[in-house]
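Data file: target.cif. Format and content: mmCIF, C-alpha atoms.
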```cif
data_run
loop_
_atom_site.group_PDB
_atom_site.id
_atom_site.type_symbol
_atom_site.label_atom_id
_atom_site.label_comp_id
_atom_site.auth_asym_id
_atom_site.auth_seq_id
_atom_site.Cartn_x
_atom_site.Cartn_y
_atom_site.Cartn_z
ATOM 1 C CA MET X 1 -17.667 11.840 43.418
ATOM 2 C CA SER X 2 -18.493 10.471 39.972
ATOM 3 C CA ALA X 3 -15.789 9.187 37.638
ATOM 4 C CA ARG X 4 -16.773 11.835 35.098
ATOM 5 C CA THR X 5 -16.106 14.718 37.522
ATOM 6 C CA GLN X 6 -12.737 13.208 38.450
ATOM 7 C CA SER X 7 -11.637 12.877 34.837
ATOM 8 C CA SER X 8 -12.658 16.450 34.006
ATOM 9 C CA GLU X 9 -10.315 17.608 36.772
ATOM 10 C CA ALA X 10 -7.382 15.501 35.558
ATOM 11 C CA PRO X 11 -4.460 17.792 34.711
ATOM 12 C CA HIS X 12 -3.609 18.393 31.050
ATOM 13 C CA ARG X 13 -0.317 16.816 30.048
ATOM 14 C CA ALA X 14 2.017 17.740 27.201
ATOM 15 C CA GLY X 15 5.527 16.689 26.358
ATOM 16 C CA PHE X 16 7.972 14.934 24.086
ATOM 17 C CA ALA X 17 8.421 11.233 23.433
ATOM 18 C CA CYS X 18 10.960 9.743 21.086
ATOM 19 C CA PHE X 19 11.070 6.378 19.403
ATOM 20 C CA VAL X 20 14.493 4.800 19.252
ATOM 21 C CA GLY X 21 15.678 1.521 17.852
ATOM 22 C CA ARG X 22 17.987 0.111 15.276
ATOM 23 C CA PRO X 23 17.374 1.046 11.648
ATOM 24 C CA ASN X 24 14.139 -0.304 10.137
ATOM 25 C CA ALA X 25 12.556 -1.168 13.506
ATOM 26 C CA GLY X 26 9.247 0.486 12.550
ATOM 27 C CA LYS X 27 9.728 3.866 14.260
ATOM 28 C CA SER X 28 8.545 6.055 11.368
ATOM 29 C CA THR X 29 5.564 3.819 10.542
ATOM 30 C CA LEU X 30 4.445 3.979 14.183
ATOM 31 C CA THR X 31 4.868 7.779 14.256
ATOM 32 C CA ASN X 32 2.685 8.143 11.141
ATOM 33 C CA ALA X 33 0.033 5.752 12.540
ATOM 34 C CA LEU X 34 -0.205 7.699 15.812
ATOM 35 C CA VAL X 35 -0.410 11.104 14.105
ATOM 36 C CA GLY X 36 -2.868 9.740 11.527
ATOM 37 C CA GLN X 37 -0.947 11.230 8.608
ATOM 38 C CA LYS X 38 2.395 10.795 6.893
ATOM 39 C CA VAL X 39 4.897 13.023 8.746
ATOM 40 C CA ALA X 40 7.910 10.685 8.670
ATOM 41 C CA ILE X 41 9.191 8.897 5.590
ATOM 42 C CA THR X 42 9.155 5.133 5.608
ATOM 43 C CA SER X 43 11.101 2.670 3.537
ATOM 44 C CA ASN X 44 12.102 -0.954 3.847
ATOM 45 C CA ARG X 45 15.689 0.227 3.610
ATOM 46 C CA PRO X 46 17.539 0.913 6.879
ATOM 47 C CA GLN X 47 18.625 4.433 7.810
ATOM 48 C CA THR X 48 15.805 6.246 6.013
ATOM 49 C CA THR X 49 15.180 8.956 8.605
ATOM 50 C CA ARG X 50 17.708 11.779 8.705
ATOM 51 C CA HIS X 51 15.795 14.631 10.318
ATOM 52 C CA THR X 52 14.109 14.436 13.709
ATOM 53 C CA VAL X 53 10.488 14.792 12.652
ATOM 54 C CA ARG X 54 8.055 15.899 15.288
ATOM 55 C CA GLY X 55 4.597 14.415 14.856
ATOM 56 C CA ILE X 56 1.914 15.837 17.132
ATOM 57 C CA VAL X 57 -0.902 13.751 18.635
ATOM 58 C CA HIS X 58 -3.786 15.867 19.957
ATOM 59 C CA ARG X 59 -6.081 14.572 22.694
ATOM 60 C CA PRO X 60 -8.550 16.586 24.832
ATOM 61 C CA GLU X 61 -6.498 15.734 27.934
ATOM 62 C CA ALA X 62 -3.003 15.737 26.433
ATOM 63 C CA GLN X 63 -0.644 16.610 23.631
ATOM 64 C CA LEU X 64 1.978 14.031 22.744
ATOM 65 C CA ILE X 65 4.823 15.307 20.577
ATOM 66 C CA LEU X 66 6.672 12.457 18.872
ATOM 67 C CA VAL X 67 10.285 12.920 17.926
ATOM 68 C CA ASP X 68 11.376 10.411 15.306
ATOM 69 C CA THR X 69 15.150 9.968 15.328
ATOM 70 C CA PRO X 70 17.471 8.222 12.886
ATOM 71 C CA GLY X 71 18.318 4.634 13.877
ATOM 72 C CA LEU X 72 21.399 4.462 16.089
ATOM 73 C CA HIS X 73 24.087 2.527 14.228
ATOM 74 C CA LYS X 74 27.835 2.049 13.882
ATOM 75 C CA PRO X 75 28.827 5.055 11.753
ATOM 76 C CA ARG X 76 30.953 4.627 8.632
ATOM 77 C CA THR X 77 30.830 8.238 7.417
ATOM 78 C CA LEU X 78 30.705 11.772 8.805
ATOM 79 C CA LEU X 79 26.970 11.751 8.022
ATOM 80 C CA GLY X 80 26.613 8.587 10.150
ATOM 81 C CA GLU X 81 28.421 10.244 13.076
ATOM 82 C CA ARG X 82 26.182 13.311 12.839
ATOM 83 C CA LEU X 83 23.047 11.158 12.778
ATOM 84 C CA ASN X 84 24.186 9.357 15.951
ATOM 85 C CA ASP X 85 24.863 12.718 17.652
ATOM 86 C CA ILE X 86 21.290 13.791 16.814
ATOM 87 C CA VAL X 87 19.950 10.618 18.465
ATOM 88 C CA ARG X 88 21.880 11.048 21.717
ATOM 89 C CA THR X 89 21.012 14.753 22.003
ATOM 90 C CA THR X 90 17.326 13.934 21.489
ATOM 91 C CA TRP X 91 17.343 11.222 24.167
ATOM 92 C CA ALA X 92 18.625 13.702 26.706
ATOM 93 C CA GLU X 93 15.834 16.197 25.980
ATOM 94 C CA VAL X 94 12.627 14.121 25.867
ATOM 95 C CA ASP X 95 10.173 13.186 28.654
ATOM 96 C CA VAL X 96 9.799 9.522 27.709
ATOM 97 C CA ILE X 97 11.622 7.094 25.390
ATOM 98 C CA GLY X 98 9.916 4.362 23.362
ATOM 99 C CA PHE X 99 12.400 1.619 22.431
ATOM 100 C CA CYS X 100 11.119 -0.079 19.237
ATOM 101 C CA LEU X 101 12.029 -3.759 18.824
ATOM 102 C CA PRO X 102 10.576 -5.733 15.884
ATOM 103 C CA ALA X 103 8.624 -8.861 16.893
ATOM 104 C CA ASP X 104 9.858 -10.798 13.857
ATOM 105 C CA GLN X 105 13.578 -10.544 14.648
ATOM 106 C CA LYS X 106 15.400 -12.005 17.654
ATOM 107 C CA LEU X 107 17.229 -9.475 19.830
ATOM 108 C CA GLY X 108 20.604 -8.842 18.234
ATOM 109 C CA PRO X 109 23.834 -6.918 18.892
ATOM 110 C CA GLY X 110 22.218 -3.697 17.544
ATOM 111 C CA ASP X 111 19.363 -3.885 20.075
ATOM 112 C CA ARG X 112 21.802 -4.658 22.890
ATOM 113 C CA PHE X 113 24.040 -1.730 21.868
ATOM 114 C CA ILE X 114 21.068 0.675 22.081
ATOM 115 C CA ALA X 115 19.769 -0.871 25.327
ATOM 116 C CA LYS X 116 23.194 -0.336 26.959
ATOM 117 C CA GLU X 117 23.111 3.332 25.897
ATOM 118 C CA LEU X 118 19.562 3.650 27.294
ATOM 119 C CA ALA X 119 20.621 2.079 30.590
ATOM 120 C CA GLY X 120 22.926 5.084 31.065
ATOM 121 C CA ILE X 121 19.977 7.509 30.911
ATOM 122 C CA LYS X 122 18.620 7.032 34.405
ATOM 123 C CA LYS X 123 15.817 9.548 34.888
ATOM 124 C CA THR X 124 13.828 9.254 31.643
ATOM 125 C CA PRO X 125 11.063 6.594 31.718
ATOM 126 C CA LYS X 126 11.400 3.933 29.018
ATOM 127 C CA VAL X 127 8.641 1.977 27.277
ATOM 128 C CA ALA X 128 9.543 -1.106 25.219
ATOM 129 C CA VAL X 129 7.398 -1.103 22.049
ATOM 130 C CA VAL X 130 7.317 -4.461 20.257
ATOM 131 C CA THR X 131 6.582 -3.546 16.615
ATOM 132 C CA LYS X 132 5.474 -5.553 13.548
ATOM 133 C CA THR X 133 3.387 -8.020 15.578
ATOM 134 C CA ASP X 134 1.312 -8.724 12.437
ATOM 135 C CA LEU X 135 4.320 -10.682 11.090
ATOM 136 C CA VAL X 136 4.499 -13.292 13.893
ATOM 137 C CA ASP X 137 2.344 -15.884 15.690
ATOM 138 C CA SER X 138 1.427 -15.609 19.377
ATOM 139 C CA LYS X 139 4.172 -18.038 20.515
ATOM 140 C CA THR X 140 6.949 -16.015 18.806
ATOM 141 C CA LEU X 141 5.491 -12.788 20.243
ATOM 142 C CA ALA X 142 5.417 -14.240 23.774
ATOM 143 C CA GLU X 143 9.070 -15.306 23.442
ATOM 144 C CA GLN X 144 10.034 -11.808 22.274
ATOM 145 C CA LEU X 145 8.201 -10.152 25.196
ATOM 146 C CA LEU X 146 10.045 -12.412 27.665
ATOM 147 C CA ALA X 147 13.392 -11.738 25.943
ATOM 148 C CA ILE X 148 12.845 -7.954 26.203
ATOM 149 C CA ASP X 149 11.862 -8.246 29.861
ATOM 150 C CA GLY X 150 15.062 -10.275 30.440
ATOM 151 C CA LEU X 151 17.208 -7.733 28.593
ATOM 152 C CA GLY X 152 15.871 -4.961 30.858
ATOM 153 C CA LYS X 153 16.636 -6.962 34.020
ATOM 154 C CA GLU X 154 20.125 -7.833 32.788
ATOM 155 C CA LEU X 155 21.044 -4.183 32.076
ATOM 156 C CA GLY X 156 19.174 -2.599 34.988
ATOM 157 C CA ILE X 157 16.479 -0.954 32.832
ATOM 158 C CA GLU X 158 13.074 -0.846 34.489
ATOM 159 C CA TRP X 159 10.566 -0.763 31.629
ATOM 160 C CA ALA X 160 7.610 1.491 32.472
ATOM 161 C CA GLU X 161 5.619 -0.727 30.076
ATOM 162 C CA ILE X 162 6.194 -3.421 27.444
ATOM 163 C CA VAL X 163 3.572 -3.063 24.700
ATOM 164 C CA PRO X 164 3.092 -5.071 21.469
ATOM 165 C CA VAL X 165 1.820 -3.098 18.463
ATOM 166 C CA SER X 166 1.177 -3.404 14.732
ATOM 167 C CA ALA X 167 1.171 0.012 13.060
ATOM 168 C CA VAL X 168 0.402 -1.547 9.663
ATOM 169 C CA GLY X 169 -2.459 -3.674 11.055
ATOM 170 C CA ASP X 170 -3.607 -0.791 13.317
ATOM 171 C CA LYS X 171 -3.480 -3.015 16.414
ATOM 172 C CA GLN X 172 -2.905 -1.315 19.790
ATOM 173 C CA VAL X 173 -1.632 1.897 18.157
ATOM 174 C CA GLN X 174 -3.817 4.067 20.405
ATOM 175 C CA LEU X 175 -2.771 1.990 23.419
ATOM 176 C CA VAL X 176 0.833 3.137 22.812
ATOM 177 C CA ALA X 177 -0.360 6.767 23.161
ATOM 178 C CA ASP X 178 -2.449 5.810 26.241
ATOM 179 C CA LEU X 179 0.686 4.426 27.916
ATOM 180 C CA LEU X 180 3.024 7.276 26.944
ATOM 181 C CA ILE X 181 0.712 10.163 27.965
ATOM 182 C CA PRO X 182 0.685 9.501 31.767
ATOM 183 C CA LEU X 183 4.516 9.661 31.682
ATOM 184 C CA LEU X 184 4.439 13.259 30.348
ATOM 185 C CA PRO X 185 4.636 16.305 32.633
ATOM 186 C CA GLU X 186 1.582 18.399 33.479
ATOM 187 C CA SER X 187 1.559 21.226 30.960
ATOM 188 C CA PRO X 188 -0.747 23.225 28.702
ATOM 189 C CA ALA X 189 -0.637 22.378 24.967
ATOM 190 C CA LEU X 190 2.679 23.310 23.346
ATOM 191 C CA TYR X 191 1.392 23.501 19.740
ATOM 192 C CA PRO X 192 -1.835 24.915 18.259
ATOM 193 C CA GLU X 193 -4.736 22.497 17.701
ATOM 194 C CA GLY X 194 -4.524 21.065 14.197
ATOM 195 C CA ASP X 195 -0.725 21.241 13.831
ATOM 196 C CA LEU X 196 0.600 17.776 12.957
ATOM 197 C CA THR X 197 4.310 18.554 12.749
ATOM 198 C CA ASP X 198 6.703 21.469 13.227
ATOM 199 C CA GLU X 199 8.848 20.478 10.252
ATOM 200 C CA PRO X 200 9.034 23.249 7.633
ATOM 201 C CA GLU X 201 6.965 22.325 4.566
ATOM 202 C CA GLN X 202 10.034 22.409 2.312
ATOM 203 C CA VAL X 203 11.806 19.808 4.440
ATOM 204 C CA MET X 204 8.758 17.536 4.374
ATOM 205 C CA VAL X 205 8.372 17.913 0.604
ATOM 206 C CA ALA X 206 12.070 17.026 0.155
ATOM 207 C CA GLU X 207 11.597 13.954 2.371
ATOM 208 C CA LEU X 208 8.590 12.760 0.345
ATOM 209 C CA ILE X 209 10.621 13.064 -2.873
ATOM 210 C CA ARG X 210 13.512 11.162 -1.264
ATOM 211 C CA GLU X 211 11.148 8.411 -0.111
ATOM 212 C CA ALA X 212 9.879 7.959 -3.679
ATOM 213 C CA ALA X 213 13.463 8.026 -5.016
ATOM 214 C CA LEU X 214 14.503 5.281 -2.556
ATOM 215 C CA GLU X 215 11.896 2.837 -3.807
ATOM 216 C CA GLY X 216 13.293 0.124 -6.024
ATOM 217 C CA VAL X 217 16.861 1.398 -6.352
ATOM 218 C CA ARG X 218 19.857 -0.864 -6.012
ATOM 219 C CA ASP X 219 21.259 -1.636 -2.596
ATOM 220 C CA GLU X 220 24.249 0.688 -2.893
ATOM 221 C CA LEU X 221 22.134 3.775 -3.396
ATOM 222 C CA PRO X 222 19.945 4.580 -0.327
ATOM 223 C CA HIS X 223 22.556 6.514 1.642
ATOM 224 C CA SER X 224 23.713 8.371 -1.449
ATOM 225 C CA ILE X 225 20.434 10.194 -2.126
ATOM 226 C CA ALA X 226 19.682 13.645 -0.722
ATOM 227 C CA VAL X 227 16.968 16.041 -1.865
ATOM 228 C CA VAL X 228 16.889 19.840 -1.611
ATOM 229 C CA VAL X 229 13.789 21.849 -2.515
ATOM 230 C CA GLU X 230 15.148 24.996 -4.181
ATOM 231 C CA GLU X 231 11.834 26.886 -4.316
ATOM 232 C CA MET X 232 8.091 26.560 -3.825
ATOM 233 C CA LEU X 233 6.069 29.325 -5.481
ATOM 234 C CA PRO X 234 2.369 29.719 -6.367
ATOM 235 C CA ARG X 235 2.002 29.926 -10.179
ATOM 236 C CA GLU X 236 1.130 33.471 -11.198
ATOM 237 C CA ASP X 237 -1.963 34.344 -13.266
ATOM 238 C CA ARG X 238 -3.954 31.342 -11.993
ATOM 239 C CA PRO X 239 -7.644 31.797 -11.068
ATOM 240 C CA ALA X 240 -8.279 31.613 -7.309
ATOM 241 C CA ASP X 241 -10.285 28.397 -7.657
ATOM 242 C CA ARG X 242 -7.525 26.680 -9.683
ATOM 243 C CA PRO X 243 -4.231 27.350 -7.870
ATOM 244 C CA LEU X 244 -1.001 25.597 -8.821
ATOM 245 C CA LEU X 245 2.184 25.379 -6.764
ATOM 246 C CA ASP X 246 5.482 25.173 -8.652
ATOM 247 C CA ILE X 247 8.100 23.127 -6.793
ATOM 248 C CA HIS X 248 11.685 22.954 -8.073
ATOM 249 C CA ALA X 249 13.860 20.326 -6.392
ATOM 250 C CA ASN X 250 17.268 18.730 -6.899
ATOM 251 C CA VAL X 251 17.987 15.066 -6.194
ATOM 252 C CA TYR X 252 21.674 14.753 -5.253
ATOM 253 C CA ILE X 253 23.747 11.593 -5.639
ATOM 254 C CA GLU X 254 27.462 11.047 -4.947
ATOM 255 C CA ARG X 255 28.821 9.705 -8.240
ATOM 256 C CA PRO X 256 28.072 10.276 -11.932
ATOM 257 C CA SER X 257 27.573 6.488 -12.354
ATOM 258 C CA GLN X 258 24.542 6.685 -10.014
ATOM 259 C CA LYS X 259 22.775 9.238 -12.183
ATOM 260 C CA GLY X 260 21.514 6.660 -14.675
ATOM 261 C CA ILE X 261 20.095 4.505 -11.844
ATOM 262 C CA VAL X 262 17.975 7.360 -10.497
ATOM 263 C CA ILE X 263 16.880 8.665 -13.906
ATOM 264 C CA GLY X 264 16.274 5.225 -15.446
ATOM 265 C CA PRO X 265 15.980 4.304 -19.148
ATOM 266 C CA LYS X 266 14.545 7.265 -21.112
ATOM 267 C CA GLY X 267 13.954 9.089 -17.811
ATOM 268 C CA GLN X 268 11.249 6.608 -16.776
ATOM 269 C CA ARG X 269 12.391 6.125 -13.148
ATOM 270 C CA LEU X 270 12.626 9.842 -12.440
ATOM 271 C CA LYS X 271 9.190 10.296 -13.990
ATOM 272 C CA GLU X 272 7.788 7.650 -11.615
ATOM 273 C CA VAL X 273 9.512 9.315 -8.639
ATOM 274 C CA GLY X 274 7.866 12.604 -9.658
ATOM 275 C CA MET X 275 4.397 11.088 -10.060
ATOM 276 C CA LYS X 276 4.551 9.134 -6.805
ATOM 277 C CA SER X 277 5.905 11.963 -4.670
ATOM 278 C CA ARG X 278 3.593 14.553 -6.247
ATOM 279 C CA LYS X 279 0.552 12.576 -5.058
ATOM 280 C CA HIS X 280 1.820 12.629 -1.440
ATOM 281 C CA ILE X 281 2.896 16.283 -1.661
ATOM 282 C CA GLU X 282 -0.549 17.342 -2.922
ATOM 283 C CA ALA X 283 -2.171 15.423 -0.059
ATOM 284 C CA LEU X 284 0.177 17.085 2.437
ATOM 285 C CA LEU X 285 -0.227 20.646 1.131
ATOM 286 C CA GLY X 286 -3.838 20.385 -0.045
ATOM 287 C CA THR X 287 -3.145 22.015 -3.419
ATOM 288 C CA PRO X 288 -2.292 20.883 -6.982
ATOM 289 C CA VAL X 289 1.451 20.810 -7.617
ATOM 290 C CA PHE X 290 3.774 21.058 -10.627
ATOM 291 C CA LEU X 291 6.972 19.233 -9.656
ATOM 292 C CA ASP X 292 10.216 19.943 -11.498
ATOM 293 C CA LEU X 293 12.970 17.416 -10.584
ATOM 294 C CA HIS X 294 16.650 17.465 -11.557
ATOM 295 C CA VAL X 295 19.377 14.949 -10.657
ATOM 296 C CA LYS X 296 22.768 16.407 -9.719
ATOM 297 C CA VAL X 297 26.085 14.991 -8.556
ATOM 298 C CA ALA X 298 27.527 16.225 -5.226
ATOM 299 C CA LYS X 299 30.757 14.217 -5.091
ATOM 300 C CA ASP X 300 31.141 12.135 -1.886
ATOM 301 C CA TRP X 301 28.776 14.478 -0.017
ATOM 302 C CA GLN X 302 28.404 12.118 2.964
ATOM 303 C CA ARG X 303 32.080 12.616 3.868
ATOM 304 C CA ASP X 304 32.398 16.312 3.080
ATOM 305 C CA PRO X 305 31.459 18.752 5.901
ATOM 306 C CA LYS X 306 30.865 21.589 3.420
ATOM 307 C CA GLN X 307 28.493 19.523 1.269
ATOM 308 C CA LEU X 308 26.707 18.165 4.364
ATOM 309 C CA ARG X 309 25.989 21.719 5.485
ATOM 310 C CA LYS X 310 24.703 22.653 2.032
ATOM 311 C CA LEU X 311 22.363 19.647 2.050
ATOM 312 C CA GLY X 312 21.029 20.495 5.501
ATOM 313 C CA PHE X 313 22.920 18.159 7.835
#
```
Encoded form using structure tokens:
Amino acid sequence: MSARTQSSEAPHRAGFACFVGRPNAGKSTLTNALVGQKVAITSNRPQTTRHTVRGIVHRPEAQLILVDTPGLHKPRTLLGERLNDIVRTTWAEVDVIGFCLPADQKLGPGDRFIAKELAGIKKTPKVAVVTKTDLVDSKTLAEQLLAIDGLGKELGIEWAEIVPVSAVGDKQVQLVADLLIPLLPESPALYPEGDLTDEPEQVMVAELIREAALEGVRDELPHSIAVVVEEMLPREDRPADRPLLDIHANVYIERPSQKGIVIGPKGQRLKEVGMKSRKHIEALLGTPVFLDLHVKVAKDWQRDPKQLRKLGF
């Protein structure tokens, strides 16, 4: 029997994989690289991801649905506790777990904390994904691979694979998918061809605005920013060949003193946030956009259950 006939009879696989790791381990960047489009927000600040974004990778023989979780961390607020709950619930529901460990940082207490939690999940296969390999030389990478292998042995985790990858340098990105797919169950496709995520558009638009707002702000601000899209409506009386989508969104911070940081002198920062995010939103939605942004104070929202609900957590 020829190899071609065998492969055409290979069963179709579909299922869920999630990337876990401490904050800023490269999970969102890898998700975007695999999907081929921005579906998860990235930032060089830890704890950027707050929603589990599902990115969908379509292959003729498989459909890989990537669940991007917040980084597991020691919570200091009610929001932090809720984010950790999301992570643990997700781990219990996926078919395979990818543990992201940056190549440029030695294994630390955060990695060990997550690895211990993973060791308790017996049935789900685990792949160690060594990210950011473009930042290190081959000797450092080899040492990291050995350290990860040793960590698995020490905690009783049998890695299904250990794979180095650079999402930014586009090295071995497709290999990650090649290694995850055989670990999925046999199943028909779970999402229509062409779908890249199941996140509602409004949530994704809010995330793109938040990503732009996070850039260049002072260290105390990242956790304090939340964005809610109040409405998205096509502008009336526009010709069919020149549509315009009106988007009204609020950027929430926790204290009045933070307002000036987000808005900037003479409103310049907020203007930049609008211009930057609008470009990504137009690419995502495929239509010209008018973006109306307002900054509002929601006092100590990270600690207030009522405010957390209002802001979608």
- Could you tell me how far atom CA of Pro23 of chain X lies from atom CA of Pro102 of chain X, in Å and to one decimal? 10.5 Å
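Distance check against Glu282 of chain X using only C-alpha atoms: of X:Asp149, X:Leu245, X:Gly120, X:Gln105, the minimum falls on X:Leu245.
Taking atom CA of Gly21 of chain X and atom CA of Val163 of chain X as endpoints, the distance between them is 14.6 Å.
Reported to one decimal place, the separation of atom CA of Ala119 of chain X from atom CA of Gly152 of chain X is 8.5 Å.
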- Might you pull out every residue within 10 Å of Arg210 of chain X, with all atoms listed in the file counted and same-chain residues fewer than 2 positions away left off, and present them as an MDAnalysis selection string? chainID X and resid 41 48 204:208 212:215 222 225:228 251:252 273 277
- Can you list, as a list in words, the residues that the PyMOL selection byres ((chain X and resi 97) around 10) selects here? Phe16, Ala17, Cys18, Phe19, Val20, Leu66, Val67, Thr90, Trp91, Ala92, Val94, Asp95, Val96, Gly98, Phe99, Cys100, Leu118, Thr124, Pro125, Lys126, Val127, Ala128, Val129, Ala160, Leu180 and Leu183 of chain X
Using the file's own x, y and z axes, what box holds all listed atoms of segment 29-35 of chain X with 8 Å on each side, keeping edges along x, y and z, and what are its centre and edge lengths in Å to one decimal, as AutoDock Vina command-line options?
```
--center_x 2.6 --center_y 7.5 --center_z 13.2 --size_x 22.0 --size_y 23.3 --size_z 21.3
```
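Distances to Asp304 of chain X were evaluated for X:Ala25, X:Leu78, X:Leu135, X:Leu34 using only C-alpha atoms, and the minimum falls at X:Leu78.
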- Task: Using all atoms listed in the file, find the one residue out of X:His58, X:Arg22, X:Lys116, X:Arg278 that sits nearest to Val87 of chain X.
- Result: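 Among X:His58, X:Arg22, X:Lys116, X:Arg278, it is X:Arg22 that comes nearest to Val87 of chain X.
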- Smallest atom-to-atom distance to Gly260 of chain X: which of X:Lys296, X:Ala167, X:Pro234, X:Ala283, using only C-alpha atoms? X:Lys296
- For Asp178 of chain X, work out the shell of residues within 12 Å, counting all atoms listed in the file and skipping chain neighbours fewer than 4 positions away, then give it as a ChimeraX atom specification. /X:13,34,57-59,61-64,127,161,163,172-174,182-184
Produce a file of the selected residues containing C-alpha atoms, as a JSON list (two decimals), keeping the file's coordinate frame.
```json
[["chain", "number", "residue", "atom", "x", "y", "z"],
["X", 13, "ARG", "CA", -0.32, 16.82, 30.05],
["X", 34, "LEU", "CA", -0.20, 7.70, 15.81],
["X", 57, "VAL", "CA", -0.90, 13.75, 18.64],
["X", 58, "HIS", "CA", -3.79, 15.87, 19.96],
["X", 59, "ARG", "CA", -6.08, 14.57, 22.69],
["X", 61, "GLU", "CA", -6.50, 15.73, 27.93],
["X", 62, "ALA", "CA", -3.00, 15.74, 26.43],
["X", 63, "GLN", "CA", -0.64, 16.61, 23.63],
["X", 64, "LEU", "CA", 1.98, 14.03, 22.74],
["X", 127, "VAL", "CA", 8.64, 1.98, 27.28],
["X", 161, "GLU", "CA", 5.62, -0.73, 30.08],
["X", 163, "VAL", "CA", 3.57, -3.06, 24.70],
["X", 172, "GLN", "CA", -2.90, -1.32, 19.79],
["X", 173, "VAL", "CA", -1.63, 1.90, 18.16],
["X", 174, "GLN", "CA", -3.82, 4.07, 20.40],
["X", 182, "PRO", "CA", 0.68, 9.50, 31.77],
["X", 183, "LEU", "CA", 4.52, 9.66, 31.68],
["X", 184, "LEU", "CA", 4.44, 13.26, 30.35]]
```
- Which residues fall under the PyMOL selection byres ((chain X and resi 164) around 7) in this file, as a list in words?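 On the file shown, the PyMOL selection byres ((chain X and resi 164) around 7) covers Val129, Val130, Thr131, Thr133, Ile162, Val163 and Val165 of chain X.
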- Item | X:Gly169, X:Gly15, X:Gly26, X:Pro239 ranked by distance to Glu93 of chain X, top pick (using all atoms listed in the file) | X:Gly15
- Query: Taking into account only C-alpha atoms, which residue in the set X:Pro60, X:Pro256, X:Gly150, X:Gly274 is nearest to Ala10 of chain X?
  - Reply: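 Smallest separation from Ala10 of chain X among the options: X:Pro60.
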- Query: Quick one: residues within 7 Å of His248 of chain X, only C-alpha atoms counted, chain neighbours fewer than 5 positions away excluded, as a PyMOL selection string?
  - Reply: chain X and resi 229-232+291-293
